[in-house]
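Engineer: Let me give you the structure first, and then I'll get to my questions.
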Amino acid sequence: AKHFNLDKQGLALNGYDPVSYHKGEPQAGDPRFQVDYQSVKFWFSSEKNQKEFLKRPDRYLPAFGGWCAYAFGLGTDKVEVDPKSYLIVNGKLYLFYKDFFTDTKKLWLENESELKPKAAENWQKLISRE
């Protein structure tokens with residue numbers, strides 16, 4: 001949990017349903033459908049999605065603890081994300097920082113083949129040293 005991008009209450013993905021990303025569009029979760037997984041709280045938009053997560057939680061966990069994938073491609077900085085700026089690549093959820101001037105998802109896509117392995121390497125460095 002200490003490496004996950006969480007709010008002050010320990011909630012992941014800004015309250016978005018992790019299963020919904022894999023179904024085409026992120027949906028806000030509902031606290032009635034909460035799962036505590038490895039000390040991280042996830043909310044789901046429906047009981048169906050909650051049950052689906054419980055069957056295979058590793059499938060739905062975001063890459064890099066829910067921090068910006070592009071930032072990890074550059075180093076080991078934990079950068080906040082826009083929960084609506086995402087990609088599903090080979091079944092894995094990647095999240096990105098986005099504001100009016102910067103769209104890191106676009107930057108990632110311009111050089112994904114180089115950034116993706118660097119991000120994975122930098123993430124491993126971060127979690128192994130802390």
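Chain identifiers are assigned as A, B, and so on, following the order in which chains appear in the structure tokens; residues are numbered from 1 within each chain, and ligands are numbered from 1 in order of appearance.
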Give me the residues near A:His3 as a ChimeraX atom specification, where near means some atom within 10 Å (using only C-alpha atoms) and where sequence neighbours in that chain fewer than 6 positions away do not count.
Structural biologist: /A:64-67,78,123,126-127,130
Engineer: Would you list, as a VMD selection string, the residues of chain A that end up in strand (DSSP E) under DSSP run on this structure's backbone?
Structural biologist: chain A and resid 30 to 37 40 to 44 82 to 89 92 to 96
Engineer: Kindly indicate which residue among A:Gln27, A:Gln34, A:Asn122, A:Asn90 lies nearest to A:Tyr70, using only C-alpha atoms for the distances.
Structural biologist: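 Under the stated criterion, the closest residue is A:Asn122.
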Engineer: Quick one: residues within 6 Å of A:Gly10, only C-alpha atoms, excluding same-chain residues fewer than 3 positions away - as a PyMOL selection string?
Structural biologist: chain A and resi 6-7+40-41
Engineer: Please compute the atom CA of A:Asn14-atom CA of A:Phe100 distance, one decimal, in Å.
Structural biologist: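 Atom-to-atom, atom CA of A:Asn14 and atom CA of A:Phe100 are spaced 19.3 Å apart.
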Engineer: Excluding A:Lys125 and residues on its chain fewer than 3 positions from it, collect all residues at most 12 Å away from it, counting only C-alpha atoms, and give them as a list in words.
Structural biologist: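 The residues satisfying every condition are His3, Phe64, Phe72, Gly75, Thr76, Asp77, Lys118, Ala119, Ala120, Glu121, Asn122, Ser128, Arg129 and Glu130 of chain A.
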Engineer: Go through stretch 34-128 of chain A and collect every residue that DSSP, computed from the backbone, puts in helix (DSSP H, G or I); the answer should be as a PDB file with C-alpha atoms, in the first residue's frame.
Structural biologist:
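Final output, saved to states_36.pdb:
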```pdb
ATOM      1  CA  GLU A  47     -21.563  -5.646  -7.308  1.00  0.00           C
ATOM      2  CA  LYS A  48     -20.780  -7.479 -10.552  1.00  0.00           C
ATOM      3  CA  ASN A  49     -17.527  -5.526 -11.016  1.00  0.00           C
ATOM      4  CA  GLN A  50     -16.664  -5.997  -7.352  1.00  0.00           C
ATOM      5  CA  LYS A  51     -17.028  -9.776  -7.702  1.00  0.00           C
ATOM      6  CA  GLU A  52     -15.033  -9.768 -10.941  1.00  0.00           C
ATOM      7  CA  PHE A  53     -12.179  -7.967  -9.197  1.00  0.00           C
ATOM      8  CA  LEU A  54     -12.198 -10.440  -6.323  1.00  0.00           C
ATOM      9  CA  LYS A  55     -11.778 -13.346  -8.747  1.00  0.00           C
ATOM     10  CA  PRO A  57      -7.414  -8.763  -8.454  1.00  0.00           C
ATOM     11  CA  ASP A  58      -3.934  -8.732 -10.028  1.00  0.00           C
ATOM     12  CA  ARG A  59      -5.539  -8.355 -13.446  1.00  0.00           C
ATOM     13  CA  TYR A  60      -7.137  -5.061 -12.427  1.00  0.00           C
ATOM     14  CA  ALA A  63       0.596  -0.374 -13.304  1.00  0.00           C
ATOM     15  CA  PHE A  64       3.095   1.524 -11.153  1.00  0.00           C
ATOM     16  CA  GLY A  65       0.712   1.735  -8.214  1.00  0.00           C
ATOM     17  CA  GLY A  66      -1.603   4.057 -10.098  1.00  0.00           C
ATOM     18  CA  ALA A  69       3.382   5.770 -16.240  1.00  0.00           C
ATOM     19  CA  TYR A  70       5.134   8.445 -18.312  1.00  0.00           C
ATOM     20  CA  ALA A  71       6.827   9.887 -15.215  1.00  0.00           C
ATOM     21  CA  PHE A  72       8.195   6.447 -14.350  1.00  0.00           C
ATOM     22  CA  GLY A  73       9.494   6.164 -17.896  1.00  0.00           C
ATOM     23  CA  LEU A  74      11.649   9.189 -17.129  1.00  0.00           C
ATOM     24  CA  THR A 104       1.635  12.654 -20.806  1.00  0.00           C
ATOM     25  CA  LYS A 105      -0.453   9.917 -22.434  1.00  0.00           C
ATOM     26  CA  LYS A 106       0.269  11.533 -25.791  1.00  0.00           C
ATOM     27  CA  LEU A 107       3.975  11.770 -24.927  1.00  0.00           C
ATOM     28  CA  TRP A 108       3.971   8.108 -23.838  1.00  0.00           C
ATOM     29  CA  LEU A 109       2.413   6.995 -27.113  1.00  0.00           C
ATOM     30  CA  GLU A 110       5.095   8.843 -29.077  1.00  0.00           C
ATOM     31  CA  GLU A 112       6.040   3.762 -25.723  1.00  0.00           C
ATOM     32  CA  SER A 113       8.508   1.086 -26.823  1.00  0.00           C
ATOM     33  CA  GLU A 114      11.335   2.891 -25.014  1.00  0.00           C
ATOM     34  CA  LEU A 115       9.383   4.310 -22.074  1.00  0.00           C
ATOM     35  CA  LYS A 116       7.557   1.137 -21.033  1.00  0.00           C
ATOM     36  CA  PRO A 117      10.658  -0.947 -20.142  1.00  0.00           C
ATOM     37  CA  LYS A 118      12.288   2.066 -18.469  1.00  0.00           C
ATOM     38  CA  ALA A 119       9.154   2.669 -16.421  1.00  0.00           C
ATOM     39  CA  ALA A 120       9.116  -0.959 -15.265  1.00  0.00           C
ATOM     40  CA  GLU A 121      12.810  -0.770 -14.341  1.00  0.00           C
ATOM     41  CA  ASN A 122      12.370   2.516 -12.470  1.00  0.00           C
ATOM     42  CA  TRP A 123       9.317   1.199 -10.612  1.00  0.00           C
ATOM     43  CA  GLN A 124      11.319  -1.840  -9.456  1.00  0.00           C
ATOM     44  CA  LYS A 125      14.136   0.450  -8.281  1.00  0.00           C
ATOM     45  CA  LEU A 126      11.669   2.522  -6.273  1.00  0.00           C
ATOM     46  CA  ILE A 127       9.899  -0.351  -4.549  1.00  0.00           C
ATOM     47  CA  SER A 128      13.118  -2.242  -3.815  1.00  0.00           C
TER      48      SER A 128
END
```
Engineer: Which residues are close to A:Tyr21, i.e. within 12 Å by only C-alpha atoms, leaving aside same-chain residues fewer than 5 positions away? Reply as a list of chain:residue names.
Structural biologist: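 Counting only the stated atoms, we get A:Leu13, A:Tyr16, A:Pro26, A:Gln27, A:Ala28, A:Gly29, A:Phe44, A:Ser45, A:Asn49, A:Phe53, A:Arg59, A:Tyr60, A:Leu61, A:Pro62, A:Pro83, A:Lys84, A:Ser85, A:Tyr86, A:Leu87, A:Ile88, A:Val89, A:Gly91, A:Lys92, A:Leu93, A:Tyr94, A:Leu95.
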Engineer: Of the candidates A:Asp82, A:Asp36, A:Glu25, A:Asp17, which one gets nearest to A:Lys98 if we count only C-alpha atoms?
Structural biologist: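 Looking at the shortest contact to A:Lys98, the residue is A:Asp82.
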